[in-house]
Amino acid sequence: AQSVTQPDIHITVSEGASLELRCNYSYGATPYLFWYVQSPGQGLQLLLKYFSGDTLVQGIKGFEAEFKRSQSSFNLRKPSVHWSDAAEYFCAVGTHSGNTPLVFGKGTRLSVIA
Amino acid sequence: GAVVSQHPSWVICKSGTSVKIECRSLDFQATTMFWYRQFPKQSLMLMATSNEGSKATYEQGVEKDKFLINHASLTLSTLTVTSAHPEDSSFYICSAPGTGGDEQYFGPGTRLTVT
């Protein structure tokens, strides 16, 4: 069975600083990996996804993530954080078949300070 | 891109009553839909898998008689919370796989408050 670990419950960064949110997954086969962002009281917005190919994936809002099979990781990065990036971030893993549900990590709450 | 809608976006109901939440795939067909529940400051947890034309499958610990799921058409799944209690207050989110089969499309969620 798949599982996702997001080791950081809460991260605070200064506006303009770089950001890295950690995600480790457990899955026996090649995983489909996702990062979602959720603002308070809102639904999920897909930031980026990895299925295959280039292990560095570019997403929306200036985010990128790198798939490292050897480390079972899919960390999310952004070179310069904006105050509007403050939100909850979820890493999720799925299978090659879209007809299976995603398994989500517990999320990392990002706070941005001036 | 594919769009999934939910209705209502928020609902308040009294304890003991039932409430129905709809999940629709607007521009594609979905034989399978997934229902998740998210408690405040927690992650999304899968509740059940909704299958068009057959019974839903429920995750361990989810009461199938309390959370009734009906997937009557290829574009609509409904979740009915029966005899709601305050502890059922949560954010309910549905998703459906796209036609490509490799991505899930999430609805905007329904916030249920039981008083």
# chains A, B, ... in the order shown; residues from 1 in each chain; ligands from 1
>>> interface_residues(of="chain A", to="chain B", cutoff="12 Å", atoms="only C-alpha atoms", output="PDB file with N, CA and C atoms, in the first residue's frame")
ATOM      1  N   SER A   3       2.015   5.090   0.875  1.00  0.00           N
ATOM      2  CA  SER A   3       1.974   6.018   2.002  1.00  0.00           C
ATOM      3  C   SER A   3       2.819   7.226   1.661  1.00  0.00           C
ATOM      4  N   VAL A   4       2.501   8.330   2.309  1.00  0.00           N
ATOM      5  CA  VAL A   4       3.219   9.580   2.078  1.00  0.00           C
ATOM      6  C   VAL A   4       3.548  10.199   3.425  1.00  0.00           C
ATOM      7  N   THR A   5       4.773  10.653   3.545  1.00  0.00           N
ATOM      8  CA  THR A   5       5.214  11.317   4.769  1.00  0.00           C
ATOM      9  C   THR A   5       5.659  12.732   4.447  1.00  0.00           C
ATOM     10  N   GLN A   6       5.060  13.669   5.132  1.00  0.00           N
ATOM     11  CA  GLN A   6       5.515  15.054   5.068  1.00  0.00           C
ATOM     12  C   GLN A   6       6.038  15.376   6.469  1.00  0.00           C
ATOM     13  N   ILE A   9       5.364  19.754   9.839  1.00  0.00           N
ATOM     14  CA  ILE A   9       3.963  20.128  10.031  1.00  0.00           C
ATOM     15  C   ILE A   9       3.755  21.596   9.693  1.00  0.00           C
ATOM     16  N   HIS A  10       4.720  22.413  10.095  1.00  0.00           N
ATOM     17  CA  HIS A  10       4.586  23.859   9.920  1.00  0.00           C
ATOM     18  C   HIS A  10       5.959  24.445   9.606  1.00  0.00           C
ATOM     19  N   PRO A  31       5.651   5.469  -8.865  1.00  0.00           N
ATOM     20  CA  PRO A  31       4.501   6.235  -8.366  1.00  0.00           C
ATOM     21  C   PRO A  31       4.126   7.382  -9.288  1.00  0.00           C
ATOM     22  N   TYR A  32       2.879   7.771  -9.187  1.00  0.00           N
ATOM     23  CA  TYR A  32       2.443   9.059  -9.722  1.00  0.00           C
ATOM     24  C   TYR A  32       2.421  10.003  -8.523  1.00  0.00           C
ATOM     25  N   LEU A  33       3.077  11.142  -8.631  1.00  0.00           N
ATOM     26  CA  LEU A  33       3.240  12.035  -7.490  1.00  0.00           C
ATOM     27  C   LEU A  33       2.647  13.394  -7.780  1.00  0.00           C
ATOM     28  N   PHE A  34       2.066  13.978  -6.770  1.00  0.00           N
ATOM     29  CA  PHE A  34       1.359  15.253  -6.922  1.00  0.00           C
ATOM     30  C   PHE A  34       1.677  16.161  -5.737  1.00  0.00           C
ATOM     31  N   TYR A  36      -0.383  19.482  -4.063  1.00  0.00           N
ATOM     32  CA  TYR A  36      -1.560  20.334  -4.074  1.00  0.00           C
ATOM     33  C   TYR A  36      -1.390  21.436  -3.029  1.00  0.00           C
ATOM     34  N   VAL A  37      -2.055  22.551  -3.275  1.00  0.00           N
ATOM     35  CA  VAL A  37      -2.091  23.626  -2.300  1.00  0.00           C
ATOM     36  C   VAL A  37      -3.544  23.890  -1.934  1.00  0.00           C
ATOM     37  N   GLN A  38      -3.759  24.191  -0.664  1.00  0.00           N
ATOM     38  CA  GLN A  38      -5.111  24.461  -0.181  1.00  0.00           C
ATOM     39  C   GLN A  38      -5.097  25.698   0.710  1.00  0.00           C
ATOM     40  N   SER A  39      -5.842  26.704   0.314  1.00  0.00           N
ATOM     41  CA  SER A  39      -6.006  27.876   1.158  1.00  0.00           C
ATOM     42  C   SER A  39      -7.132  27.612   2.146  1.00  0.00           C
ATOM     43  N   PRO A  40      -7.169  28.318   3.254  1.00  0.00           N
ATOM     44  CA  PRO A  40      -8.183  28.038   4.290  1.00  0.00           C
ATOM     45  C   PRO A  40      -9.594  28.056   3.731  1.00  0.00           C
ATOM     46  N   GLY A  41     -10.336  26.988   4.008  1.00  0.00           N
ATOM     47  CA  GLY A  41     -11.718  26.906   3.585  1.00  0.00           C
ATOM     48  C   GLY A  41     -11.923  26.644   2.110  1.00  0.00           C
ATOM     49  N   GLN A  42     -10.846  26.389   1.409  1.00  0.00           N
ATOM     50  CA  GLN A  42     -10.930  26.195  -0.042  1.00  0.00           C
ATOM     51  C   GLN A  42     -10.628  24.754  -0.433  1.00  0.00           C
ATOM     52  N   GLY A  43     -10.874  24.459  -1.702  1.00  0.00           N
ATOM     53  CA  GLY A  43     -10.543  23.146  -2.222  1.00  0.00           C
ATOM     54  C   GLY A  43      -9.071  23.046  -2.567  1.00  0.00           C
ATOM     55  N   LEU A  44      -8.733  21.960  -3.249  1.00  0.00           N
ATOM     56  CA  LEU A  44      -7.347  21.696  -3.622  1.00  0.00           C
ATOM     57  C   LEU A  44      -7.027  22.284  -4.989  1.00  0.00           C
ATOM     58  N   GLN A  45      -5.829  22.822  -5.090  1.00  0.00           N
ATOM     59  CA  GLN A  45      -5.351  23.279  -6.388  1.00  0.00           C
ATOM     60  C   GLN A  45      -4.085  22.499  -6.731  1.00  0.00           C
ATOM     61  N   LEU A  46      -4.045  21.908  -7.899  1.00  0.00           N
ATOM     62  CA  LEU A  46      -2.888  21.140  -8.319  1.00  0.00           C
ATOM     63  C   LEU A  46      -1.743  22.074  -8.680  1.00  0.00           C
ATOM     64  N   LEU A  48       1.623  20.737  -9.310  1.00  0.00           N
ATOM     65  CA  LEU A  48       2.403  20.009 -10.313  1.00  0.00           C
ATOM     66  C   LEU A  48       2.243  18.520 -10.083  1.00  0.00           C
ATOM     67  N   LYS A  49       2.701  17.764 -11.079  1.00  0.00           N
ATOM     68  CA  LYS A  49       2.583  16.318 -11.006  1.00  0.00           C
ATOM     69  C   LYS A  49       3.777  15.683 -11.711  1.00  0.00           C
ATOM     70  N   TYR A  50       4.086  14.459 -11.285  1.00  0.00           N
ATOM     71  CA  TYR A  50       5.131  13.687 -11.944  1.00  0.00           C
ATOM     72  C   TYR A  50       4.579  12.315 -12.271  1.00  0.00           C
ATOM     73  N   PHE A  51       4.702  11.954 -13.529  1.00  0.00           N
ATOM     74  CA  PHE A  51       4.309  10.617 -13.956  1.00  0.00           C
ATOM     75  C   PHE A  51       5.523   9.840 -14.437  1.00  0.00           C
ATOM     76  N   SER A  52       6.346  10.486 -15.275  1.00  0.00           N
ATOM     77  CA  SER A  52       7.517   9.824 -15.834  1.00  0.00           C
ATOM     78  C   SER A  52       8.375  10.895 -16.508  1.00  0.00           C
ATOM     79  N   ALA A  87      -0.244  28.911   2.895  1.00  0.00           N
ATOM     80  CA  ALA A  87      -1.347  27.959   2.676  1.00  0.00           C
ATOM     81  C   ALA A  87      -0.917  26.613   3.231  1.00  0.00           C
ATOM     82  N   GLU A  88      -1.754  25.623   3.020  1.00  0.00           N
ATOM     83  CA  GLU A  88      -1.444  24.243   3.381  1.00  0.00           C
ATOM     84  C   GLU A  88      -1.044  23.515   2.100  1.00  0.00           C
ATOM     85  N   TYR A  89       0.030  22.747   2.187  1.00  0.00           N
ATOM     86  CA  TYR A  89       0.538  22.030   1.018  1.00  0.00           C
ATOM     87  C   TYR A  89       0.481  20.525   1.278  1.00  0.00           C
ATOM     88  N   PHE A  90      -0.084  19.821   0.315  1.00  0.00           N
ATOM     89  CA  PHE A  90      -0.228  18.382   0.433  1.00  0.00           C
ATOM     90  C   PHE A  90       0.510  17.676  -0.696  1.00  0.00           C
ATOM     91  N   CYS A  91       1.284  16.684  -0.311  1.00  0.00           N
ATOM     92  CA  CYS A  91       1.897  15.779  -1.269  1.00  0.00           C
ATOM     93  C   CYS A  91       1.003  14.538  -1.355  1.00  0.00           C
ATOM     94  N   ALA A  92       0.867  13.984  -2.531  1.00  0.00           N
ATOM     95  CA  ALA A  92       0.003  12.814  -2.700  1.00  0.00           C
ATOM     96  C   ALA A  92       0.626  11.845  -3.686  1.00  0.00           C
ATOM     97  N   VAL A  93       0.305  10.592  -3.505  1.00  0.00           N
ATOM     98  CA  VAL A  93       0.809   9.551  -4.398  1.00  0.00           C
ATOM     99  C   VAL A  93      -0.352   8.755  -4.962  1.00  0.00           C
ATOM    100  N   GLY A  94      -0.246   8.395  -6.222  1.00  0.00           N
ATOM    101  CA  GLY A  94      -1.242   7.580  -6.877  1.00  0.00           C
ATOM    102  C   GLY A  94      -0.558   6.484  -7.658  1.00  0.00           C
ATOM    103  N   THR A  95      -1.366   5.625  -8.257  1.00  0.00           N
ATOM    104  CA  THR A  95      -0.824   4.538  -9.043  1.00  0.00           C
ATOM    105  C   THR A  95      -0.921   4.881 -10.522  1.00  0.00           C
ATOM    106  N   HIS A  96      -0.428   3.980 -11.347  1.00  0.00           N
ATOM    107  CA  HIS A  96      -0.456   4.212 -12.778  1.00  0.00           C
ATOM    108  C   HIS A  96      -1.873   4.216 -13.320  1.00  0.00           C
ATOM    109  N   SER A  97      -2.779   3.656 -12.532  1.00  0.00           N
ATOM    110  CA  SER A  97      -4.172   3.653 -12.946  1.00  0.00           C
ATOM    111  C   SER A  97      -4.904   4.794 -12.256  1.00  0.00           C
ATOM    112  N   GLY A  98      -5.504   5.643 -13.028  1.00  0.00           N
ATOM    113  CA  GLY A  98      -6.227   6.756 -12.420  1.00  0.00           C
ATOM    114  C   GLY A  98      -7.459   6.322 -11.673  1.00  0.00           C
ATOM    115  N   ASN A  99      -7.859   5.088 -11.821  1.00  0.00           N
ATOM    116  CA  ASN A  99      -9.057   4.612 -11.147  1.00  0.00           C
ATOM    117  C   ASN A  99      -8.786   4.140  -9.732  1.00  0.00           C
ATOM    118  N   THR A 100      -7.726   4.622  -9.160  1.00  0.00           N
ATOM    119  CA  THR A 100      -7.471   4.387  -7.746  1.00  0.00           C
ATOM    120  C   THR A 100      -7.323   5.741  -7.066  1.00  0.00           C
ATOM    121  N   PRO A 101      -7.710   5.816  -5.813  1.00  0.00           N
ATOM    122  CA  PRO A 101      -7.654   7.109  -5.128  1.00  0.00           C
ATOM    123  C   PRO A 101      -6.224   7.508  -4.797  1.00  0.00           C
ATOM    124  N   LEU A 102      -6.051   8.796  -4.524  1.00  0.00           N
ATOM    125  CA  LEU A 102      -4.754   9.283  -4.084  1.00  0.00           C
ATOM    126  C   LEU A 102      -4.613   9.085  -2.581  1.00  0.00           C
ATOM    127  N   VAL A 103      -3.381   8.910  -2.170  1.00  0.00           N
ATOM    128  CA  VAL A 103      -3.062   8.860  -0.743  1.00  0.00           C
ATOM    129  C   VAL A 103      -2.307  10.148  -0.426  1.00  0.00           C
ATOM    130  N   PHE A 104      -2.792  10.850   0.553  1.00  0.00           N
ATOM    131  CA  PHE A 104      -2.241  12.162   0.883  1.00  0.00           C
ATOM    132  C   PHE A 104      -1.342  12.107   2.107  1.00  0.00           C
ATOM    133  N   GLY A 105      -0.333  12.966   2.108  1.00  0.00           N
ATOM    134  CA  GLY A 105       0.410  13.202   3.329  1.00  0.00           C
ATOM    135  C   GLY A 105      -0.412  14.071   4.271  1.00  0.00           C
ATOM    136  N   LYS A 106       0.089  14.283   5.456  1.00  0.00           N
ATOM    137  CA  LYS A 106      -0.644  15.042   6.463  1.00  0.00           C
ATOM    138  C   LYS A 106      -0.612  16.539   6.227  1.00  0.00           C
ATOM    139  N   GLY A 107       0.220  16.952   5.300  1.00  0.00           N
ATOM    140  CA  GLY A 107       0.244  18.365   4.945  1.00  0.00           C
ATOM    141  C   GLY A 107       1.303  19.144   5.699  1.00  0.00           C
ATOM    142  N   THR A 108       1.748  20.226   5.067  1.00  0.00           N
ATOM    143  CA  THR A 108       2.669  21.173   5.691  1.00  0.00           C
ATOM    144  C   THR A 108       2.057  22.554   5.586  1.00  0.00           C
ATOM    145  N   ARG A 109       1.914  23.194   6.700  1.00  0.00           N
ATOM    146  CA  ARG A 109       1.369  24.554   6.697  1.00  0.00           C
ATOM    147  C   ARG A 109       2.516  25.544   6.527  1.00  0.00           C
TER     148      ARG A 109
END
>>> closest_residue(among="A:Ile60, A:Leu47, A:Ala114, A:Ala65", to="A:Ser14", atoms="only C-alpha atoms")
A:Ala114
>>> residues_around(residues="stretch 75-78 of chain A", least_positions_apart="4", cutoff="9 Å", atoms="only C-alpha atoms", output="ChimeraX atom specification")
/A:17-24,35,61-68,91
>>> closest_residue(among="A:Thr12, A:Ser73, A:Ala1, A:Gly53", to="A:Tyr25", atoms="only C-alpha atoms")
A:Ser73
>>> residues_around(residues="stretch 58-69 of chain B", least_positions_apart="4", cutoff="9 Å", atoms="only C-alpha atoms", output="ChimeraX atom specification")
/B:20,46-50,77-84
>>> select_by_dssp(residues="chain A", states="helix (DSSP H, G or I)", output="ChimeraX atom specification")
/A:60-62,69-71,83-85
>>> atom_distance(atom1="atom CA of B:Ser89", atom2="atom CA of B:Val4")
22.0 Å
>>> select_by_dssp(residues="stretch 25-68 of chain A", states="strand (DSSP E)", output="number ranges by chain")
A: 25-26, 32-38, 44-50, 56-58, 64-68
>>> atom_distance(atom1="atom CA of A:Val112", atom2="atom CA of A:Leu56")
24.8 Å
>>> atom_distance(atom1="atom CA of B:His71", atom2="atom CA of B:His7")
14.9 Å
>>> decode(residues="stretch 45-59 of chain A", atoms="all heavy atoms", output="CSV table (one decimal), in the first residue's frame")
chain,number,residue,atom,x,y,z
A,45,GLN,N,-5.8,22.8,-5.1
A,45,GLN,CA,-5.4,23.3,-6.4
A,45,GLN,C,-4.1,22.5,-6.7
A,45,GLN,O,-3.1,22.4,-5.9
A,45,GLN,CB,-5.1,24.8,-6.4
A,45,GLN,CG,-4.6,25.3,-7.7
A,45,GLN,CD,-4.3,26.8,-7.7
A,45,GLN,OE1,-4.0,27.4,-6.7
A,45,GLN,NE2,-4.4,27.4,-8.9
A,46,LEU,N,-4.0,21.9,-7.9
A,46,LEU,CA,-2.9,21.1,-8.3
A,46,LEU,C,-1.7,22.1,-8.7
A,46,LEU,O,-1.9,23.0,-9.5
A,46,LEU,CB,-3.2,20.3,-9.5
A,46,LEU,CG,-2.1,19.4,-10.1
A,46,LEU,CD1,-1.7,18.4,-9.1
A,46,LEU,CD2,-2.5,18.8,-11.4
A,47,LEU,N,-0.6,21.9,-8.0
A,47,LEU,CA,0.6,22.7,-8.3
A,47,LEU,C,1.4,22.0,-9.5
A,47,LEU,O,1.9,22.7,-10.4
A,47,LEU,CB,1.5,22.8,-7.1
A,47,LEU,CG,1.0,23.8,-6.0
A,47,LEU,CD1,1.9,23.7,-4.8
A,47,LEU,CD2,0.8,25.2,-6.5
A,48,LEU,N,1.6,20.7,-9.3
A,48,LEU,CA,2.4,20.0,-10.3
A,48,LEU,C,2.2,18.5,-10.1
A,48,LEU,O,1.7,18.1,-9.1
A,48,LEU,CB,3.9,20.4,-10.3
A,48,LEU,CG,4.6,20.5,-8.9
A,48,LEU,CD1,4.9,19.1,-8.4
A,48,LEU,CD2,5.8,21.4,-9.0
A,49,LYS,N,2.7,17.8,-11.1
A,49,LYS,CA,2.6,16.3,-11.0
A,49,LYS,C,3.8,15.7,-11.7
A,49,LYS,O,4.4,16.3,-12.6
A,49,LYS,CB,1.3,15.9,-11.7
A,49,LYS,CG,1.2,16.3,-13.1
A,49,LYS,CD,-0.2,16.0,-13.7
A,49,LYS,CE,-0.3,16.4,-15.1
A,49,LYS,NZ,-1.7,16.3,-15.7
A,50,TYR,N,4.1,14.5,-11.3
A,50,TYR,CA,5.1,13.7,-11.9
A,50,TYR,C,4.6,12.3,-12.3
A,50,TYR,O,4.1,11.6,-11.4
A,50,TYR,CB,6.4,13.5,-11.0
A,50,TYR,CG,7.4,12.6,-11.6
A,50,TYR,CD1,8.2,13.0,-12.6
A,50,TYR,CD2,7.4,11.3,-11.2
A,50,TYR,CE1,9.1,12.1,-13.2
A,50,TYR,CE2,8.3,10.4,-11.7
A,50,TYR,CZ,9.2,10.8,-12.7
A,50,TYR,OH,10.0,9.9,-13.3
A,51,PHE,N,4.7,12.0,-13.5
A,51,PHE,CA,4.3,10.6,-14.0
A,51,PHE,C,5.5,9.8,-14.4
A,51,PHE,O,5.7,8.7,-14.1
A,51,PHE,CB,3.3,10.7,-15.1
A,51,PHE,CG,1.9,11.2,-14.6
A,51,PHE,CD1,1.0,11.7,-15.6
A,51,PHE,CD2,1.6,11.3,-13.3
A,51,PHE,CE1,-0.2,12.1,-15.2
A,51,PHE,CE2,0.3,11.8,-12.9
A,51,PHE,CZ,-0.6,12.2,-13.8
A,52,SER,N,6.3,10.5,-15.3
A,52,SER,CA,7.5,9.8,-15.8
A,52,SER,C,8.4,10.9,-16.5
A,52,SER,O,8.0,12.1,-16.6
A,52,SER,CB,7.1,8.7,-16.8
A,52,SER,OG,6.5,9.3,-18.0
A,53,GLY,N,9.5,10.5,-17.0
A,53,GLY,CA,10.4,11.4,-17.8
A,53,GLY,C,11.3,12.3,-16.9
A,53,GLY,O,11.8,11.8,-15.9
A,54,ASP,N,11.4,13.5,-17.3
A,54,ASP,CA,12.3,14.4,-16.6
A,54,ASP,C,11.9,14.5,-15.1
A,54,ASP,O,10.8,14.7,-14.7
A,54,ASP,CB,12.2,15.8,-17.2
A,54,ASP,CG,13.3,16.8,-16.7
A,54,ASP,OD1,14.0,16.4,-15.7
A,54,ASP,OD2,13.5,17.8,-17.4
A,55,THR,N,12.9,14.3,-14.3
A,55,THR,CA,12.6,14.2,-12.8
A,55,THR,C,12.4,15.5,-12.2
A,55,THR,O,12.0,15.6,-11.0
A,55,THR,CB,13.7,13.4,-12.1
A,55,THR,OG1,15.0,14.1,-12.4
A,55,THR,CG2,13.8,12.0,-12.6
A,56,LEU,N,12.8,16.6,-12.9
A,56,LEU,CA,12.5,17.9,-12.4
A,56,LEU,C,11.3,18.5,-13.1
A,56,LEU,O,11.2,18.6,-14.3
A,56,LEU,CB,13.7,18.8,-12.7
A,56,LEU,CG,13.6,20.3,-12.1
A,56,LEU,CD1,13.5,20.2,-10.6
A,56,LEU,CD2,14.8,21.1,-12.5
A,57,VAL,N,10.3,18.7,-12.3
A,57,VAL,CA,8.9,19.1,-12.8
A,57,VAL,C,8.6,20.5,-12.5
A,57,VAL,O,8.8,20.9,-11.3
A,57,VAL,CB,7.9,18.2,-12.2
A,57,VAL,CG1,6.5,18.5,-12.8
A,57,VAL,CG2,8.2,16.7,-12.5
A,58,GLN,N,8.2,21.2,-13.5
A,58,GLN,CA,7.8,22.6,-13.3
A,58,GLN,C,6.3,22.7,-13.1
A,58,GLN,O,5.5,22.0,-13.7
A,58,GLN,CB,8.2,23.5,-14.5
A,58,GLN,CG,9.7,23.5,-14.8
A,58,GLN,CD,10.5,24.0,-13.6
A,58,GLN,OE1,10.2,25.0,-13.0
A,58,GLN,NE2,11.7,23.4,-13.3
A,59,GLY,N,5.9,23.6,-12.2
A,59,GLY,CA,4.5,23.7,-11.9
A,59,GLY,C,4.0,25.1,-12.1
A,59,GLY,O,4.7,26.0,-12.6
